[in-house]
Amino acid sequence: MLPPIEQRLATELAVKPSQVQATMQLLDDGATVPFIARYRKEATGGLDDAQLRILAERLHSLRELEKRRSAIIAAIDKSGKMTPQLLDAITHAQDKALLEDLYLPYRKKRRTKAQIALEAGLQPLADTLLNDPRLDPLAEAVKYLKPPFTTAEGDNPGIADTEQALAGAQHILIERFAEHALLLQTLRNYLGLHGILTAKAVKDKKDSDTKYIDYHDYSEAIAKIPSHRTLALLRGEREGLLKLKLLIDTELEQKSRDPALNPCELQIARQFNIRDQRRAADGWLIDTVRQAWRIKIFSHLETELMSDLQERAAAEAIRIFAQNLKALLLTSPAGARVTIGLDPGLRTGVKVAVIDATGKVLDTTTIYPHAPRNDWNGALATLKLLAERYHAALIAIGNGTASRETDQLAKDLTKQHPQLKLTSIMVSEAGASVYSASELASEELPGLDVSLRGAVSIARRLQDPLAELVKIDPKSIGVGQYQHDVNQGQLAQSLDAVVEDSVNAVGVDVNTASPALLRYVAGLNGKIAHNIVAYRNGKGRFDRRAELLQVPGLGEKTFEQAAGFLRISDGDNPLDASAVHPESYSLVEQILRDVKLDVAALIGNTSVLKAICPEKYVAAQFGLPTVRDILLELEKPGRDPRASFKTATFKEGVESIKDLHPGMVLEGVVTNVAAFGAFIDIGVHQDGLVHISALADKFVKDPHTVVKVGQVVTIRVIDVDEKRKRIALSMRSSDDAVQRY
């Protein structure tokens, strides 16, 4: 028997079975990953949210595998074909591929040529020639001739001549070879190690295609193809511009069809003891092997391997998207300051929105500093008036069309009126238009024109990127790699998990958060989030966490999951503004009695907190990890895990790709990280690429170990290709050359 799921997961994740078992129980009881990671460290042995996500996904996969195993056993039992040996093999199959290989001969299938040959009584002929190749195939085939007949399955053409008899026997052996489970595993593994994916341009598209020109004459081992190339190749094939073909490495250099058996065909021959010793039936058997591989087995494995290749590439693309999204969501917030949001445009003008420190809209307008109106001075006057009237501290500028021109407008404003003490920052506007046209935007900003909502979103995402970006479908934020080519359900699930982990890592002010933000709090959903806001709007602000239990639909279990992540500033109990869970308030009260202080005096009192011995408070309900977490939280309650706010300064006079030249040293912001490098916004409306080979002076395996989305970096321009709109950048201390990308 296979080890239980707990043991398999423990081995895969390199953790103790007890940790896995405890986590499984918590998940089955409805606990969320953020809650388990933060408040059940004793049970899980301190597994973090990333480990818990992997465990939860693998747990689901293994349970699905066990369901499939049970279904296969039941189906074969029902057919009456189960044997002890087969049951043992199925019971010990560790992956879905082997499980399906074992089931293959017993699956219900369409009436095949092999089945028709079996009905005609040709199995003895196939077995005889396979077992004794000395026999003459033609002489043996004569014994099996018979006229057409009818069976319960349908009409059978019978056996008219020896050619038909031998063809039928061959179909029987081909199906037998193609359904041999251990052989299929061997061939699958060999093809996985020695398979070469080749690509050629479709003949009539070669001259016109520039998008996939790098793949017009391409080959690479499937075991080594990186995810981004896999997805690019598959997209090129899907668009009808590339023709893909899978070969074995030994076939790559062949100019003509080699009559000798290839390595996979040799594996088949060895499995069934077929050798060419110039006996009467050897040639017929060798031909049967060749046909089994080239007509039946290879096409099956090719489809399977290409599907696996796509799945692996998609999984990697989803992983990269998730990492980028997390970095973007946890971008440093500028903070609660009055902000002017500018959504740049040319002919339609620059949309302006002023929001207060809480994100409430104070004023909106449209200015026309650019062509065709060129009302630069009028625009400056309007912005000055708004900044003075509302005491604005920040200007957020969307990084789309006319962004650099609008950035120059903001710089002119700050230069001409230094007394305003304004700081202007370029902000990614990815997804702002999606939000503007959404139902959520209509609810939040009723009566406000769609064109102005984008400016509001741009301003808010500078104040608090997390709170604003959760309102947008993660797929629309633009930090992915071939996100439209992957399984959309898996992508959405992964990205939702990232948003959930990010929101709960930061915590949420229950008195100011939008329903879009609240729904990602552990244990909550969209309905309860709206109920919280409706309760808040009707009854006023929450003064205590316990009041949440009065919200319709928010029961004890939901409260347990969510309470620690919901914060109440300036409430009745200072602990409600911290990450200390209400279930641990009694422990804090015990500490307060011992140190003879009230909670307000203890919070932030580093000297007293450092002197407390955590082991003293370990009890059945509170383990050492919990006690230590509580003391750390009391020292800095509600700490924000996000880094301090920092922005890039784009070089003046560098506003388009034409202004760039090799050797320039510039500052930029990482906008996306892919498997092959990082894209950097340097303020020219076209991101440059730092190839993975140019990210650091040392070898870099994963770009995410060096850079992350939102990071401010210093780069050097290496090459500029205006025609293809490609900018090669480097973060190395020196560069003689940069790899082509």
# chains A, B, ... in the order shown; residues from 1 in each chain; ligands from 1
$ select_by_dssp --residues "segment 115-296 of chain A" --states "strand (DSSP E)" --output "list in words"
Phe149, Thr150, Thr151, Gly154, Asp155, Asn156, Gly195, Ile196, Leu197, Thr198, Ala199, Lys200, Ala201, Asp217, Tyr218, Ser219, Glu220, Ala221, Leu242, Lys243, Leu244, Lys245, Leu246, Leu247 and Ile248 of chain A
$ residues_around --residues "Arg639 of chain A" --least-positions-apart "4" --cutoff "9 Å" --atoms "only C-alpha atoms" --output "NGL selection string"
:A and (506 or 578-579 or 633)
$ atom_distance --atom1 "atom CA of Pro474 of chain A" --atom2 "atom CA of Val498 of chain A"
9.7 Å
$ residues_around --residues "segment 365-369 of chain A" --least-positions-apart "3" --cutoff "12 Å" --atoms "only C-alpha atoms" --output "PyMOL selection string"
chain A and resi 340-354+361-362+372-383+385-386+402-403+405-410+412+448-449+451-453+455-456
$ select_by_dssp --residues "segment 187-403 of chain A" --states "alpha helix (DSSP H)" --output "MDAnalysis selection string"
chainID A and resid 187:194 227:238 263:271 282:291 298:329 376:390 403
$ write_last_selection --atoms "C-alpha atoms" --output "mmCIF file, in the first residue's frame"
data_model
loop_
_atom_site.group_PDB
_atom_site.id
_atom_site.type_symbol
_atom_site.label_atom_id
_atom_site.label_comp_id
_atom_site.auth_asym_id
_atom_site.auth_seq_id
_atom_site.Cartn_x
_atom_site.Cartn_y
_atom_site.Cartn_z
ATOM 1 C CA LEU A 187 8.721 5.428 -23.301
ATOM 2 C CA ARG A 188 7.175 8.484 -21.658
ATOM 3 C CA ASN A 189 10.261 8.981 -19.494
ATOM 4 C CA TYR A 190 12.612 8.511 -22.442
ATOM 5 C CA LEU A 191 10.722 10.973 -24.591
ATOM 6 C CA GLY A 192 10.676 13.449 -21.722
ATOM 7 C CA LEU A 193 14.465 13.267 -21.465
ATOM 8 C CA HIS A 194 15.305 13.018 -25.165
ATOM 9 C CA SER A 227 8.011 28.588 -19.672
ATOM 10 C CA HIS A 228 7.925 31.845 -21.634
ATOM 11 C CA ARG A 229 9.315 30.162 -24.766
ATOM 12 C CA THR A 230 6.870 27.271 -24.466
ATOM 13 C CA LEU A 231 3.918 29.628 -24.304
ATOM 14 C CA ALA A 232 5.264 31.763 -27.148
ATOM 15 C CA LEU A 233 5.714 28.682 -29.367
ATOM 16 C CA LEU A 234 2.257 27.358 -28.591
ATOM 17 C CA ARG A 235 0.712 30.755 -29.248
ATOM 18 C CA GLY A 236 2.575 30.960 -32.575
ATOM 19 C CA GLU A 237 1.187 27.567 -33.548
ATOM 20 C CA ARG A 238 -2.305 28.562 -32.448
ATOM 21 C CA PRO A 263 15.550 4.101 -29.437
ATOM 22 C CA CYS A 264 11.853 4.053 -28.506
ATOM 23 C CA GLU A 265 11.070 1.355 -31.045
ATOM 24 C CA LEU A 266 13.968 -0.660 -29.663
ATOM 25 C CA GLN A 267 12.395 -0.365 -26.194
ATOM 26 C CA ILE A 268 9.168 -1.858 -27.554
ATOM 27 C CA ALA A 269 11.038 -4.653 -29.298
ATOM 28 C CA ARG A 270 12.989 -5.526 -26.150
ATOM 29 C CA GLN A 271 9.847 -5.521 -24.005
ATOM 30 C CA ASP A 282 11.158 -11.251 -37.737
ATOM 31 C CA GLY A 283 10.572 -8.725 -40.522
ATOM 32 C CA TRP A 284 6.821 -8.753 -39.933
ATOM 33 C CA LEU A 285 7.314 -8.292 -36.171
ATOM 34 C CA ILE A 286 9.835 -5.462 -36.658
ATOM 35 C CA ASP A 287 7.334 -3.726 -38.940
ATOM 36 C CA THR A 288 4.662 -4.214 -36.277
ATOM 37 C CA VAL A 289 6.907 -2.539 -33.698
ATOM 38 C CA ARG A 290 7.598 0.370 -36.059
ATOM 39 C CA GLN A 291 3.894 0.874 -36.758
ATOM 40 C CA PHE A 298 4.056 8.249 -30.361
ATOM 41 C CA SER A 299 0.940 10.248 -31.226
ATOM 42 C CA HIS A 300 -0.534 9.379 -27.825
ATOM 43 C CA LEU A 301 2.629 10.331 -25.921
ATOM 44 C CA GLU A 302 3.242 13.411 -28.065
ATOM 45 C CA THR A 303 -0.216 14.759 -27.224
ATOM 46 C CA GLU A 304 0.322 13.944 -23.570
ATOM 47 C CA LEU A 305 3.818 15.440 -23.377
ATOM 48 C CA MET A 306 2.830 18.615 -25.200
ATOM 49 C CA SER A 307 -0.095 18.954 -22.819
ATOM 50 C CA ASP A 308 2.221 18.434 -19.837
ATOM 51 C CA LEU A 309 4.686 20.927 -21.310
ATOM 52 C CA GLN A 310 1.922 23.504 -21.605
ATOM 53 C CA GLU A 311 0.698 22.764 -18.078
ATOM 54 C CA ARG A 312 4.186 23.182 -16.624
ATOM 55 C CA ALA A 313 4.714 26.398 -18.547
ATOM 56 C CA ALA A 314 1.306 27.675 -17.464
ATOM 57 C CA ALA A 315 2.022 26.767 -13.833
ATOM 58 C CA GLU A 316 5.300 28.701 -14.023
ATOM 59 C CA ALA A 317 3.572 31.656 -15.680
ATOM 60 C CA ILE A 318 0.925 31.659 -12.943
ATOM 61 C CA ARG A 319 3.637 31.468 -10.277
ATOM 62 C CA ILE A 320 5.466 34.429 -11.795
ATOM 63 C CA PHE A 321 2.236 36.413 -12.126
ATOM 64 C CA ALA A 322 1.430 35.661 -8.485
ATOM 65 C CA GLN A 323 4.870 36.820 -7.316
ATOM 66 C CA ASN A 324 4.592 40.024 -9.320
ATOM 67 C CA LEU A 325 1.079 40.681 -8.095
ATOM 68 C CA LYS A 326 2.118 40.225 -4.469
ATOM 69 C CA ALA A 327 5.009 42.652 -4.898
ATOM 70 C CA LEU A 328 2.695 45.183 -6.542
ATOM 71 C CA LEU A 329 0.002 44.848 -3.884
ATOM 72 C CA TRP A 376 -0.396 75.075 -20.390
ATOM 73 C CA ASN A 377 -0.743 78.209 -18.247
ATOM 74 C CA GLY A 378 -4.452 77.653 -17.711
ATOM 75 C CA ALA A 379 -3.738 74.098 -16.560
ATOM 76 C CA LEU A 380 -1.061 75.326 -14.144
ATOM 77 C CA ALA A 381 -3.442 77.895 -12.715
ATOM 78 C CA THR A 382 -6.158 75.296 -12.164
ATOM 79 C CA LEU A 383 -3.790 72.880 -10.427
ATOM 80 C CA LYS A 384 -2.394 75.666 -8.229
ATOM 81 C CA LEU A 385 -5.901 76.654 -7.180
ATOM 82 C CA LEU A 386 -6.857 73.076 -6.315
ATOM 83 C CA ALA A 387 -3.610 72.472 -4.405
ATOM 84 C CA GLU A 388 -4.092 75.611 -2.331
ATOM 85 C CA ARG A 389 -7.794 75.079 -1.701
ATOM 86 C CA TYR A 390 -7.434 71.508 -0.444
ATOM 87 C CA SER A 403 2.326 60.904 -19.008
#
$ closest_residue --among "A:Ile196, A:Ala139, A:Val684, A:Ile528" --to "Thr401 of chain A" --atoms "only C-alpha atoms"
A:Val684
$ closest_atom_pairs --of "segment 28-139 of chain A" --to "segment 615-627 of chain A" --cutoff "9 Å" --atoms "only C-alpha atoms" --output "JSON lines"
{"residue": "A:Arg38", "atom": "CA", "partner": "A:Thr626", "partner_atom": "CA", "distance": 8.8}
{"residue": "A:Tyr39", "atom": "CA", "partner": "A:Thr626", "partner_atom": "CA", "distance": 7.1}
{"residue": "A:Arg40", "atom": "CA", "partner": "A:Thr626", "partner_atom": "CA", "distance": 8.0}
{"residue": "A:Lys41", "atom": "CA", "partner": "A:Pro625", "partner_atom": "CA", "distance": 6.4}
{"residue": "A:Glu42", "atom": "CA", "partner": "A:Gly623", "partner_atom": "CA", "distance": 6.0}
{"residue": "A:Gly46", "atom": "CA", "partner": "A:Pro625", "partner_atom": "CA", "distance": 7.9}
$ write_last_selection --atoms "C-alpha atoms" --output "CSV table (one decimal), in the first residue's frame"
chain,number,residue,atom,x,y,z
A,38,ARG,CA,-0.9,33.6,11.8
A,39,TYR,CA,-2.8,32.1,14.7
A,40,ARG,CA,-2.3,28.4,14.7
A,41,LYS,CA,1.5,28.1,14.6
A,42,GLU,CA,1.6,25.7,17.5
A,46,GLY,CA,5.0,27.4,12.2
$ residues_around --residues "Asp576 of chain A" --least-positions-apart "6" --cutoff "7 Å" --atoms "only C-alpha atoms" --output "JSON, numbers by chain"
{"A": [544, 545, 567, 568]}
$ write_last_selection --atoms "C-alpha atoms" --output "PDB file, in the first residue's frame"
ATOM      1  CA  ARG A 544     -15.049  47.254  19.511  1.00  0.00           C
ATOM      2  CA  ARG A 545     -14.237  44.098  17.551  1.00  0.00           C
ATOM      3  CA  ARG A 567      -8.426  46.671  13.011  1.00  0.00           C
ATOM      4  CA  ILE A 568     -10.279  49.396  14.928  1.00  0.00           C
TER       5      ILE A 568
END
$ residues_around --residues "Ile73 of chain A" --least-positions-apart "4" --cutoff "8 Å" --atoms "only C-alpha atoms" --output "PDB file with N, CA and C atoms, in the first residue's frame"
ATOM      1  N   ARG A  69      -8.553   6.602  -8.339  1.00  0.00           N
ATOM      2  CA  ARG A  69      -8.107   5.233  -8.087  1.00  0.00           C
ATOM      3  C   ARG A  69      -9.302   4.344  -7.706  1.00  0.00           C
ATOM      4  N   ASP A  77     -13.503  -3.999 -11.412  1.00  0.00           N
ATOM      5  CA  ASP A  77     -14.217  -5.029 -10.637  1.00  0.00           C
ATOM      6  C   ASP A  77     -15.551  -5.376 -11.291  1.00  0.00           C
ATOM      7  N   MET A  82     -10.676  -7.933 -12.841  1.00  0.00           N
ATOM      8  CA  MET A  82      -9.671  -7.608 -11.838  1.00  0.00           C
ATOM      9  C   MET A  82      -8.911  -8.858 -11.420  1.00  0.00           C
ATOM     10  N   LEU A  87      -4.723  -5.365  -9.230  1.00  0.00           N
ATOM     11  CA  LEU A  87      -5.146  -4.580  -8.071  1.00  0.00           C
ATOM     12  C   LEU A  87      -3.935  -4.031  -7.329  1.00  0.00           C
ATOM     13  N   ILE A  90      -2.468  -1.127  -9.376  1.00  0.00           N
ATOM     14  CA  ILE A  90      -3.306   0.076  -9.286  1.00  0.00           C
ATOM     15  C   ILE A  90      -3.182   0.712  -7.905  1.00  0.00           C
TER      16      ILE A  90
END
$ closest_residue --among "A:Leu47, A:Ala600, A:Val608, A:Val670" --to "Val15 of chain A" --atoms "only C-alpha atoms"
A:Leu47
$ closest_residue --among "A:Ile222, A:Ala562, A:Ser476, A:Thr358" --to "Leu518 of chain A" --atoms "only C-alpha atoms"
A:Ala562
$ closest_residue --among "A:Thr705, A:Ser436, A:Gln561, A:Thr423" --to "Pro34 of chain A" --atoms "only C-alpha atoms"
A:Gln561
$ closest_residue --among "A:His171, A:Arg134, A:Lys527, A:Lys723" --to "Thr112 of chain A" --atoms "only C-alpha atoms"
A:His171
$ closest_residue --among "A:Ala675, A:Ile682, A:Ile612, A:Ala167" --to "Gly653 of chain A" --atoms "only C-alpha atoms"
A:Ile682
$ residues_around --residues "Asn504 of chain A" --least-positions-apart "6" --cutoff "8 Å" --atoms "only C-alpha atoms" --output "compact mmCIF listing (two decimals) with N, CA and C atoms, in the first residue's frame"
# COMPACT_ATOMS: atom_id res chain seq x y z
N PRO A 34 -4.60 32.28 5.81
CA PRO A 34 -4.03 33.37 6.61
C PRO A 34 -4.24 33.17 8.12
N TYR A 520 -11.64 40.18 1.05
CA TYR A 520 -10.43 39.35 1.05
C TYR A 520 -9.93 39.04 2.45
N VAL A 521 -10.56 39.60 3.47
CA VAL A 521 -10.17 39.29 4.84
C VAL A 521 -10.53 37.83 5.13
N ALA A 522 -9.65 37.14 5.83
CA ALA A 522 -9.84 35.72 6.12
C ALA A 522 -11.23 35.48 6.71
N PHE A 565 -7.53 40.17 11.80
CA PHE A 565 -7.09 40.94 10.64
C PHE A 565 -7.88 42.24 10.46
